[in-house]
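Student: After the structure tokens below, expect a handful of questions from me.
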Amino acid sequence: MLTRVDLTMDCTDPDRLATFWKIATGYVDEPPPQPFSTREEWLATFDDEDDGMGGAWLHHPLGVAPRLCLLQVPESKVAKNRLHLDLRVSGDGTPTQKWATILREVERLLRAGASELERFEGHHVIMADPEGNEFCVA
């Protein structure tokens with residue numbers, strides 16, 4: 001039986017990406033699993049050939065959305081994402097007001113290190129995080 005959905009993203013710099021995604025989503029660092037006091041202590045328990053690889057684990061402060069796991073891998077991104085995040089921000093108002101809200105969020109995310117890839121006027125903007133992972137603001 002399903003107990004939870006996590007979204008996992010490979011990356012080369014989990015700390016940098018965690019900083020971006022905390023700004024983008026309002027997520028916070030997830031504490032390490034019990035009985036560990038740090039993530040490093042927890043990671044050290046794995047006998048894995050990817051020794052030295054790290055990660056970052058983020059969750060919604062109220063627990064109402066999927067956890068985001070950012071796992072360090074040695075290779076950089078080379079192809080388009082098959083799965084991407086949609087950040088829904090438009091809320092209420094007229095179509096013009098909703099579009100203005102989307103554009104304000106796009107500007108905020110650009111300042112945080114994202115890049116704009118494509119704009120669909122009045123509807124959504126395709127963006128990329130600092131490592132090139134696509135996401136939409138709608």
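Convention: chains lettered A, B, ... in structure tokens order; per-chain residue numbering from 1; ligands numbered from 1 as shown.
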For Val73 (chain A), list every protein, DNA or RNA residue within 7 Å, evaluated using only C-alpha atoms, and leave out those in the same chain fewer than 5 positions away; present the list as a list of chain:residue names.

Tutor: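 Skipping anything fewer than 5 positions along the chain leaves A:Asp10, A:Cys11, A:Thr12, A:Met53.
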
Student: Can those selected residues be exported to a file as a PDB file, in the first residue's frame so that it contains all heavy atoms?

Tutor:
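Below is the file that was written, again05.pdb:
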```pdb
ATOM      1  N   ASP A  10      17.999  13.692  -9.753  1.00  0.00           N
ATOM      2  CA  ASP A  10      19.453  13.561  -9.766  1.00  0.00           C
ATOM      3  C   ASP A  10      20.073  14.938  -9.981  1.00  0.00           C
ATOM      4  O   ASP A  10      19.512  15.775 -10.699  1.00  0.00           O
ATOM      5  CB  ASP A  10      19.905  12.633 -10.890  1.00  0.00           C
ATOM      6  CG  ASP A  10      19.543  11.181 -10.631  1.00  0.00           C
ATOM      7  OD1 ASP A  10      19.181  10.847  -9.502  1.00  0.00           O
ATOM      8  OD2 ASP A  10      19.640  10.382 -11.584  1.00  0.00           O
ATOM      9  N   CYS A  11      21.227  15.164  -9.376  1.00  0.00           N
ATOM     10  CA  CYS A  11      21.899  16.451  -9.531  1.00  0.00           C
ATOM     11  C   CYS A  11      23.381  16.293  -9.217  1.00  0.00           C
ATOM     12  O   CYS A  11      23.797  15.295  -8.646  1.00  0.00           O
ATOM     13  CB  CYS A  11      21.268  17.503  -8.627  1.00  0.00           C
ATOM     14  SG  CYS A  11      21.333  17.120  -6.871  1.00  0.00           S
ATOM     15  N   THR A  12      24.169  17.289  -9.605  1.00  0.00           N
ATOM     16  CA  THR A  12      25.596  17.253  -9.296  1.00  0.00           C
ATOM     17  C   THR A  12      25.930  18.044  -8.037  1.00  0.00           C
ATOM     18  O   THR A  12      26.949  17.800  -7.416  1.00  0.00           O
ATOM     19  CB  THR A  12      26.448  17.768 -10.473  1.00  0.00           C
ATOM     20  OG1 THR A  12      26.040  19.091 -10.798  1.00  0.00           O
ATOM     21  CG2 THR A  12      26.289  16.874 -11.691  1.00  0.00           C
ATOM     22  N   MET A  53      28.949  10.305  -2.373  1.00  0.00           N
ATOM     23  CA  MET A  53      27.829  11.011  -2.982  1.00  0.00           C
ATOM     24  C   MET A  53      26.889  11.466  -1.877  1.00  0.00           C
ATOM     25  O   MET A  53      26.695  10.774  -0.880  1.00  0.00           O
ATOM     26  CB  MET A  53      27.081  10.110  -3.966  1.00  0.00           C
ATOM     27  CG  MET A  53      27.893   9.776  -5.192  1.00  0.00           C
ATOM     28  SD  MET A  53      28.219  11.286  -6.135  1.00  0.00           S
ATOM     29  CE  MET A  53      29.406  10.676  -7.299  1.00  0.00           C
TER      30      MET A  53
END
```

Student: Applying 7 Å and only C-alpha atoms, which residues near Val28 (chain A) remain after dropping the ones on its own chain fewer than 3 positions away? List them as a list in words.

Tutor: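 These residues fall inside the cut-off: Lys22, Leu58, His59, His60 and Pro61 of chain A.
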
Student: For the residues selected in the previous step, produce a file with N, CA and C atoms as a PDB file, in the first residue's frame.

Tutor:
```pdb
ATOM      1  N   LYS A  22      14.204  25.399  -2.171  1.00  0.00           N
ATOM      2  CA  LYS A  22      13.593  25.947  -0.956  1.00  0.00           C
ATOM      3  C   LYS A  22      13.012  27.327  -1.252  1.00  0.00           C
ATOM      4  N   LEU A  58      14.088  17.592   1.161  1.00  0.00           N
ATOM      5  CA  LEU A  58      13.250  18.738   1.497  1.00  0.00           C
ATOM      6  C   LEU A  58      11.810  18.287   1.638  1.00  0.00           C
ATOM      7  N   HIS A  59      11.078  18.978   2.501  1.00  0.00           N
ATOM      8  CA  HIS A  59       9.661  18.676   2.620  1.00  0.00           C
ATOM      9  C   HIS A  59       8.863  19.949   2.878  1.00  0.00           C
ATOM     10  N   HIS A  60       7.574  19.868   2.575  1.00  0.00           N
ATOM     11  CA  HIS A  60       6.669  20.975   2.838  1.00  0.00           C
ATOM     12  C   HIS A  60       6.543  21.124   4.355  1.00  0.00           C
ATOM     13  N   PRO A  61       6.609  22.334   4.872  1.00  0.00           N
ATOM     14  CA  PRO A  61       6.581  22.517   6.335  1.00  0.00           C
ATOM     15  C   PRO A  61       5.336  21.936   7.006  1.00  0.00           C
TER      16      PRO A  61
END
```

Student: Looking only at strand (DSSP E or B) from DSSP on the backbone, list the matching residues of chain A as an MDAnalysis selection string.

Tutor: chainID A and resid 6:11 28:29 55:59 67:72 85:87 115:120 124:128 134:137

Student: Just write the chosen residues, N, CA and C atoms, as a short mmCIF file (atom, residue, chain, number, x, y, z; two decimals), in the first residue's frame.

Tutor:
```cif
data_model
loop_
_atom_site.label_atom_id
_atom_site.label_comp_id
_atom_site.auth_asym_id
_atom_site.auth_seq_id
_atom_site.Cartn_x
_atom_site.Cartn_y
_atom_site.Cartn_z
N ASP A 6 7.41 10.51 -3.05
CA ASP A 6 8.59 11.38 -3.07
C ASP A 6 8.91 11.70 -4.52
N LEU A 7 9.37 12.90 -4.78
CA LEU A 7 9.90 13.26 -6.09
C LEU A 7 11.41 13.30 -5.95
N THR A 8 12.12 12.51 -6.75
CA THR A 8 13.57 12.41 -6.64
C THR A 8 14.21 12.96 -7.90
N MET A 9 15.19 13.83 -7.72
CA MET A 9 15.88 14.47 -8.83
C MET A 9 17.38 14.22 -8.69
N ASP A 10 18.00 13.69 -9.75
CA ASP A 10 19.45 13.56 -9.77
C ASP A 10 20.07 14.94 -9.98
N CYS A 11 21.23 15.16 -9.38
CA CYS A 11 21.90 16.45 -9.53
C CYS A 11 23.38 16.29 -9.22
N VAL A 28 11.38 23.12 3.34
CA VAL A 28 12.45 23.22 4.34
C VAL A 28 13.23 21.91 4.36
N ASP A 29 14.42 21.95 4.96
CA ASP A 29 15.22 20.74 5.10
C ASP A 29 14.47 19.72 5.96
N GLY A 55 23.32 14.18 -0.85
CA GLY A 55 21.96 14.49 -1.24
C GLY A 55 21.38 15.54 -0.32
N ALA A 56 20.19 15.94 -0.65
CA ALA A 56 19.42 16.87 0.18
C ALA A 56 17.98 16.40 0.14
N TRP A 57 17.31 16.51 1.28
CA TRP A 57 15.93 16.07 1.41
C TRP A 57 15.11 17.24 1.93
N LEU A 58 14.09 17.59 1.16
CA LEU A 58 13.25 18.74 1.50
C LEU A 58 11.81 18.29 1.64
N HIS A 59 11.08 18.98 2.50
CA HIS A 59 9.66 18.68 2.62
C HIS A 59 8.86 19.95 2.88
N ARG A 67 7.58 14.95 -0.74
CA ARG A 67 8.96 15.27 -0.37
C ARG A 67 9.79 15.38 -1.65
N LEU A 68 10.80 16.23 -1.63
CA LEU A 68 11.72 16.38 -2.75
C LEU A 68 13.09 15.88 -2.32
N CYS A 69 13.58 14.86 -3.03
CA CYS A 69 14.88 14.26 -2.74
C CYS A 69 15.84 14.64 -3.86
N LEU A 70 16.94 15.27 -3.52
CA LEU A 70 17.95 15.69 -4.49
C LEU A 70 19.18 14.83 -4.27
N LEU A 71 19.42 13.89 -5.18
CA LEU A 71 20.48 12.92 -5.01
C LEU A 71 21.66 13.23 -5.92
N GLN A 72 22.83 13.28 -5.34
CA GLN A 72 24.04 13.60 -6.10
C GLN A 72 24.45 12.42 -6.97
N LEU A 85 8.19 19.40 -12.59
CA LEU A 85 7.31 20.01 -11.60
C LEU A 85 6.56 21.19 -12.23
N ASP A 86 5.30 21.34 -11.86
CA ASP A 86 4.53 22.53 -12.20
C ASP A 86 4.31 23.30 -10.90
N LEU A 87 4.77 24.53 -10.85
CA LEU A 87 4.53 25.40 -9.70
C LEU A 87 3.31 26.24 -10.03
N SER A 115 16.41 29.88 -15.08
CA SER A 115 16.43 30.53 -16.39
C SER A 115 15.09 30.28 -17.08
N GLU A 116 14.70 31.23 -17.90
CA GLU A 116 13.45 31.09 -18.64
C GLU A 116 13.75 30.40 -19.97
N LEU A 117 12.97 29.36 -20.28
CA LEU A 117 13.18 28.62 -21.52
C LEU A 117 12.16 28.98 -22.60
N GLU A 118 10.89 29.08 -22.20
CA GLU A 118 9.85 29.39 -23.18
C GLU A 118 8.64 29.97 -22.46
N ARG A 119 7.98 30.93 -23.13
CA ARG A 119 6.84 31.60 -22.52
C ARG A 119 5.61 31.36 -23.38
N PHE A 120 4.51 30.96 -22.76
CA PHE A 120 3.23 30.78 -23.42
C PHE A 120 2.31 31.86 -22.86
N HIS A 124 1.47 29.94 -19.14
CA HIS A 124 2.55 29.41 -18.32
C HIS A 124 3.92 29.73 -18.92
N VAL A 125 4.95 29.53 -18.09
CA VAL A 125 6.34 29.77 -18.51
C VAL A 125 7.13 28.52 -18.17
N ILE A 126 7.89 28.03 -19.16
CA ILE A 126 8.79 26.90 -18.92
C ILE A 126 10.12 27.48 -18.47
N MET A 127 10.62 26.95 -17.35
CA MET A 127 11.87 27.44 -16.78
C MET A 127 12.80 26.26 -16.52
N ALA A 128 14.02 26.54 -16.12
CA ALA A 128 14.98 25.52 -15.71
C ALA A 128 15.63 25.96 -14.41
N GLU A 134 13.92 21.12 -16.08
CA GLU A 134 12.78 21.92 -16.49
C GLU A 134 11.65 21.88 -15.46
N PHE A 135 10.95 23.00 -15.35
CA PHE A 135 9.72 23.08 -14.55
C PHE A 135 8.89 24.20 -15.13
N CYS A 136 7.60 24.20 -14.81
CA CYS A 136 6.71 25.24 -15.32
C CYS A 136 6.18 26.08 -14.17
N VAL A 137 5.91 27.35 -14.47
CA VAL A 137 5.22 28.24 -13.56
C VAL A 137 3.90 28.57 -14.24
#
```

Student: Fewer than 6 positions away in the same chain doesn't count, so skip those; otherwise give me all residues within 8 Å of Lys77 (chain A), counting only C-alpha atoms, as number ranges by chain.

Tutor: A: 11, 131-133

Student: Skipping near chain neighbours, those fewer than 5 positions away, what residues fall within 12 Å of Arg111 (chain A) using only C-alpha atoms, listed as a PDB file with N, CA, C and O atoms, in the first residue's frame?

Tutor:
```pdb
ATOM      1  N   PHE A  20      17.969  26.526  -4.105  1.00  0.00           N
ATOM      2  CA  PHE A  20      17.031  27.025  -5.112  1.00  0.00           C
ATOM      3  C   PHE A  20      15.614  26.526  -4.847  1.00  0.00           C
ATOM      4  O   PHE A  20      14.664  27.308  -4.817  1.00  0.00           O
ATOM      5  N   ILE A  23      13.730  28.122  -2.042  1.00  0.00           N
ATOM      6  CA  ILE A  23      13.210  29.436  -2.430  1.00  0.00           C
ATOM      7  C   ILE A  23      11.983  29.271  -3.324  1.00  0.00           C
ATOM      8  O   ILE A  23      10.975  29.946  -3.151  1.00  0.00           O
ATOM      9  N   ALA A  24      12.058  28.349  -4.282  1.00  0.00           N
ATOM     10  CA  ALA A  24      10.976  28.178  -5.257  1.00  0.00           C
ATOM     11  C   ALA A  24       9.693  27.637  -4.635  1.00  0.00           C
ATOM     12  O   ALA A  24       8.598  28.029  -5.045  1.00  0.00           O
ATOM     13  N   ARG A 104       5.355  37.722 -11.973  1.00  0.00           N
ATOM     14  CA  ARG A 104       6.079  38.111 -10.749  1.00  0.00           C
ATOM     15  C   ARG A 104       6.853  36.923 -10.185  1.00  0.00           C
ATOM     16  O   ARG A 104       7.991  37.053  -9.742  1.00  0.00           O
ATOM     17  N   GLU A 105       6.234  35.747 -10.203  1.00  0.00           N
ATOM     18  CA  GLU A 105       6.906  34.550  -9.703  1.00  0.00           C
ATOM     19  C   GLU A 105       8.083  34.176 -10.603  1.00  0.00           C
ATOM     20  O   GLU A 105       9.147  33.786 -10.117  1.00  0.00           O
ATOM     21  N   VAL A 106       7.920  34.312 -11.897  1.00  0.00           N
ATOM     22  CA  VAL A 106       9.021  34.045 -12.834  1.00  0.00           C
ATOM     23  C   VAL A 106      10.199  34.958 -12.520  1.00  0.00           C
ATOM     24  O   VAL A 106      11.348  34.505 -12.444  1.00  0.00           O
ATOM     25  N   GLU A 116      14.703  31.226 -17.902  1.00  0.00           N
ATOM     26  CA  GLU A 116      13.448  31.088 -18.639  1.00  0.00           C
ATOM     27  C   GLU A 116      13.748  30.403 -19.971  1.00  0.00           C
ATOM     28  O   GLU A 116      14.645  30.816 -20.701  1.00  0.00           O
ATOM     29  N   ASP A 129      15.850  24.982 -13.524  1.00  0.00           N
ATOM     30  CA  ASP A 129      16.550  25.274 -12.273  1.00  0.00           C
ATOM     31  C   ASP A 129      18.044  25.463 -12.559  1.00  0.00           C
ATOM     32  O   ASP A 129      18.468  25.360 -13.717  1.00  0.00           O
ATOM     33  N   PRO A 130      18.873  25.762 -11.573  1.00  0.00           N
ATOM     34  CA  PRO A 130      20.294  26.034 -11.838  1.00  0.00           C
ATOM     35  C   PRO A 130      21.061  24.887 -12.497  1.00  0.00           C
ATOM     36  O   PRO A 130      22.114  25.122 -13.078  1.00  0.00           O
TER      37      PRO A 130
END
```

Student: Taking only region 14-99 of chain A into account, list the residues labelled helix (DSSP H, G or I) by DSSP (computed from the backbone), as a list in words.

Tutor: Pro14, Asp15, Arg16, Leu17, Ala18, Thr19, Phe20, Trp21, Lys22, Ile23, Ala24, Thr25, Arg39, Glu40, Glu41, Trp42, Leu43, Pro95, Thr96, Gln97, Lys98 and Trp99 of chain A

Student: Deliver the residues from the most recent selection as a file, using N, CA, C and O atoms, as a PDB file, in the first residue's frame.

Tutor:
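The resulting again.pdb:
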```
ATOM      1  N   PRO A  14      23.778  18.931  -4.796  1.00  0.00           N
ATOM      2  CA  PRO A  14      22.517  18.938  -4.049  1.00  0.00           C
ATOM      3  C   PRO A  14      22.324  20.144  -3.144  1.00  0.00           C
ATOM      4  O   PRO A  14      21.201  20.622  -2.983  1.00  0.00           O
ATOM      5  N   ASP A  15      23.385  20.686  -2.566  1.00  0.00           N
ATOM      6  CA  ASP A  15      23.228  21.852  -1.687  1.00  0.00           C
ATOM      7  C   ASP A  15      22.764  23.067  -2.471  1.00  0.00           C
ATOM      8  O   ASP A  15      21.866  23.796  -2.039  1.00  0.00           O
ATOM      9  N   ARG A  16      23.359  23.299  -3.627  1.00  0.00           N
ATOM     10  CA  ARG A  16      22.969  24.434  -4.481  1.00  0.00           C
ATOM     11  C   ARG A  16      21.524  24.279  -4.942  1.00  0.00           C
ATOM     12  O   ARG A  16      20.745  25.230  -4.893  1.00  0.00           O
ATOM     13  N   LEU A  17      21.172  23.064  -5.381  1.00  0.00           N
ATOM     14  CA  LEU A  17      19.817  22.833  -5.853  1.00  0.00           C
ATOM     15  C   LEU A  17      18.814  22.921  -4.707  1.00  0.00           C
ATOM     16  O   LEU A  17      17.713  23.448  -4.883  1.00  0.00           O
ATOM     17  N   ALA A  18      19.188  22.449  -3.526  1.00  0.00           N
ATOM     18  CA  ALA A  18      18.295  22.551  -2.366  1.00  0.00           C
ATOM     19  C   ALA A  18      18.010  24.011  -2.034  1.00  0.00           C
ATOM     20  O   ALA A  18      16.862  24.379  -1.743  1.00  0.00           O
ATOM     21  N   THR A  19      19.029  24.842  -2.095  1.00  0.00           N
ATOM     22  CA  THR A  19      18.829  26.268  -1.833  1.00  0.00           C
ATOM     23  C   THR A  19      17.819  26.849  -2.814  1.00  0.00           C
ATOM     24  O   THR A  19      16.893  27.566  -2.422  1.00  0.00           O
ATOM     25  N   PHE A  20      17.969  26.526  -4.105  1.00  0.00           N
ATOM     26  CA  PHE A  20      17.031  27.025  -5.112  1.00  0.00           C
ATOM     27  C   PHE A  20      15.614  26.526  -4.847  1.00  0.00           C
ATOM     28  O   PHE A  20      14.664  27.308  -4.817  1.00  0.00           O
ATOM     29  N   TRP A  21      15.452  25.219  -4.661  1.00  0.00           N
ATOM     30  CA  TRP A  21      14.111  24.656  -4.514  1.00  0.00           C
ATOM     31  C   TRP A  21      13.443  25.084  -3.215  1.00  0.00           C
ATOM     32  O   TRP A  21      12.215  25.176  -3.153  1.00  0.00           O
ATOM     33  N   LYS A  22      14.204  25.399  -2.171  1.00  0.00           N
ATOM     34  CA  LYS A  22      13.593  25.947  -0.956  1.00  0.00           C
ATOM     35  C   LYS A  22      13.012  27.327  -1.252  1.00  0.00           C
ATOM     36  O   LYS A  22      11.907  27.643  -0.788  1.00  0.00           O
ATOM     37  N   ILE A  23      13.730  28.122  -2.042  1.00  0.00           N
ATOM     38  CA  ILE A  23      13.210  29.436  -2.430  1.00  0.00           C
ATOM     39  C   ILE A  23      11.983  29.271  -3.324  1.00  0.00           C
ATOM     40  O   ILE A  23      10.975  29.946  -3.151  1.00  0.00           O
ATOM     41  N   ALA A  24      12.058  28.349  -4.282  1.00  0.00           N
ATOM     42  CA  ALA A  24      10.976  28.178  -5.257  1.00  0.00           C
ATOM     43  C   ALA A  24       9.693  27.637  -4.635  1.00  0.00           C
ATOM     44  O   ALA A  24       8.598  28.029  -5.045  1.00  0.00           O
ATOM     45  N   THR A  25       9.817  26.746  -3.640  1.00  0.00           N
ATOM     46  CA  THR A  25       8.637  26.044  -3.130  1.00  0.00           C
ATOM     47  C   THR A  25       8.234  26.383  -1.700  1.00  0.00           C
ATOM     48  O   THR A  25       7.132  26.044  -1.282  1.00  0.00           O
ATOM     49  N   ARG A  39      22.272  13.948   8.514  1.00  0.00           N
ATOM     50  CA  ARG A  39      22.153  13.171   7.280  1.00  0.00           C
ATOM     51  C   ARG A  39      23.464  12.451   6.975  1.00  0.00           C
ATOM     52  O   ARG A  39      23.467  11.340   6.462  1.00  0.00           O
ATOM     53  N   GLU A  40      24.587  13.092   7.269  1.00  0.00           N
ATOM     54  CA  GLU A  40      25.884  12.480   7.010  1.00  0.00           C
ATOM     55  C   GLU A  40      26.041  11.176   7.787  1.00  0.00           C
ATOM     56  O   GLU A  40      26.526  10.183   7.273  1.00  0.00           O
ATOM     57  N   GLU A  41      25.617  11.207   9.042  1.00  0.00           N
ATOM     58  CA  GLU A  41      25.661  10.014   9.889  1.00  0.00           C
ATOM     59  C   GLU A  41      24.782   8.909   9.279  1.00  0.00           C
ATOM     60  O   GLU A  41      25.163   7.744   9.221  1.00  0.00           O
ATOM     61  N   TRP A  42      23.599   9.275   8.803  1.00  0.00           N
ATOM     62  CA  TRP A  42      22.683   8.322   8.179  1.00  0.00           C
ATOM     63  C   TRP A  42      23.279   7.764   6.895  1.00  0.00           C
ATOM     64  O   TRP A  42      23.276   6.553   6.671  1.00  0.00           O
ATOM     65  N   LEU A  43      23.828   8.644   6.039  1.00  0.00           N
ATOM     66  CA  LEU A  43      24.417   8.197   4.766  1.00  0.00           C
ATOM     67  C   LEU A  43      25.586   7.249   4.982  1.00  0.00           C
ATOM     68  O   LEU A  43      25.822   6.348   4.181  1.00  0.00           O
ATOM     69  N   PRO A  95      -8.001  36.843 -15.846  1.00  0.00           N
ATOM     70  CA  PRO A  95      -6.853  36.267 -16.559  1.00  0.00           C
ATOM     71  C   PRO A  95      -5.637  37.189 -16.580  1.00  0.00           C
ATOM     72  O   PRO A  95      -4.505  36.729 -16.422  1.00  0.00           O
ATOM     73  N   THR A  96      -5.855  38.483 -16.696  1.00  0.00           N
ATOM     74  CA  THR A  96      -4.736  39.441 -16.692  1.00  0.00           C
ATOM     75  C   THR A  96      -4.051  39.468 -15.331  1.00  0.00           C
ATOM     76  O   THR A  96      -2.818  39.498 -15.245  1.00  0.00           O
ATOM     77  N   GLN A  97      -4.832  39.460 -14.268  1.00  0.00           N
ATOM     78  CA  GLN A  97      -4.257  39.442 -12.918  1.00  0.00           C
ATOM     79  C   GLN A  97      -3.498  38.144 -12.654  1.00  0.00           C
ATOM     80  O   GLN A  97      -2.416  38.154 -12.063  1.00  0.00           O
ATOM     81  N   LYS A  98      -4.044  37.016 -13.083  1.00  0.00           N
ATOM     82  CA  LYS A  98      -3.375  35.729 -12.915  1.00  0.00           C
ATOM     83  C   LYS A  98      -2.048  35.706 -13.666  1.00  0.00           C
ATOM     84  O   LYS A  98      -1.032  35.233 -13.150  1.00  0.00           O
ATOM     85  N   TRP A  99      -2.036  36.213 -14.894  1.00  0.00           N
ATOM     86  CA  TRP A  99      -0.801  36.252 -15.689  1.00  0.00           C
ATOM     87  C   TRP A  99       0.235  37.143 -15.017  1.00  0.00           C
ATOM     88  O   TRP A  99       1.416  36.808 -14.962  1.00  0.00           O
TER      89      TRP A  99
END
```

Student: Just to confirm, what's the straight-line distance from CA of His84 (chain A) to CA of Leu109 (chain A) in Å (one decimal)?

Tutor: 15.9 Å

Student: Between CA of Leu2 (chain A) and CA of Glu30 (chain A), measure the distance and give it in Å to one decimal.

Tutor: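 Atom-to-atom, CA of Leu2 (chain A) and CA of Glu30 (chain A) are spaced 20.1 Å apart.
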
Student: So how many Å separate CA of Phe46 (chain A) and CA of Pro74 (chain A), to one decimal?

Tutor: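 Spanning CA of Phe46 (chain A) to CA of Pro74 (chain A) is a straight-line distance of 17.7 Å.
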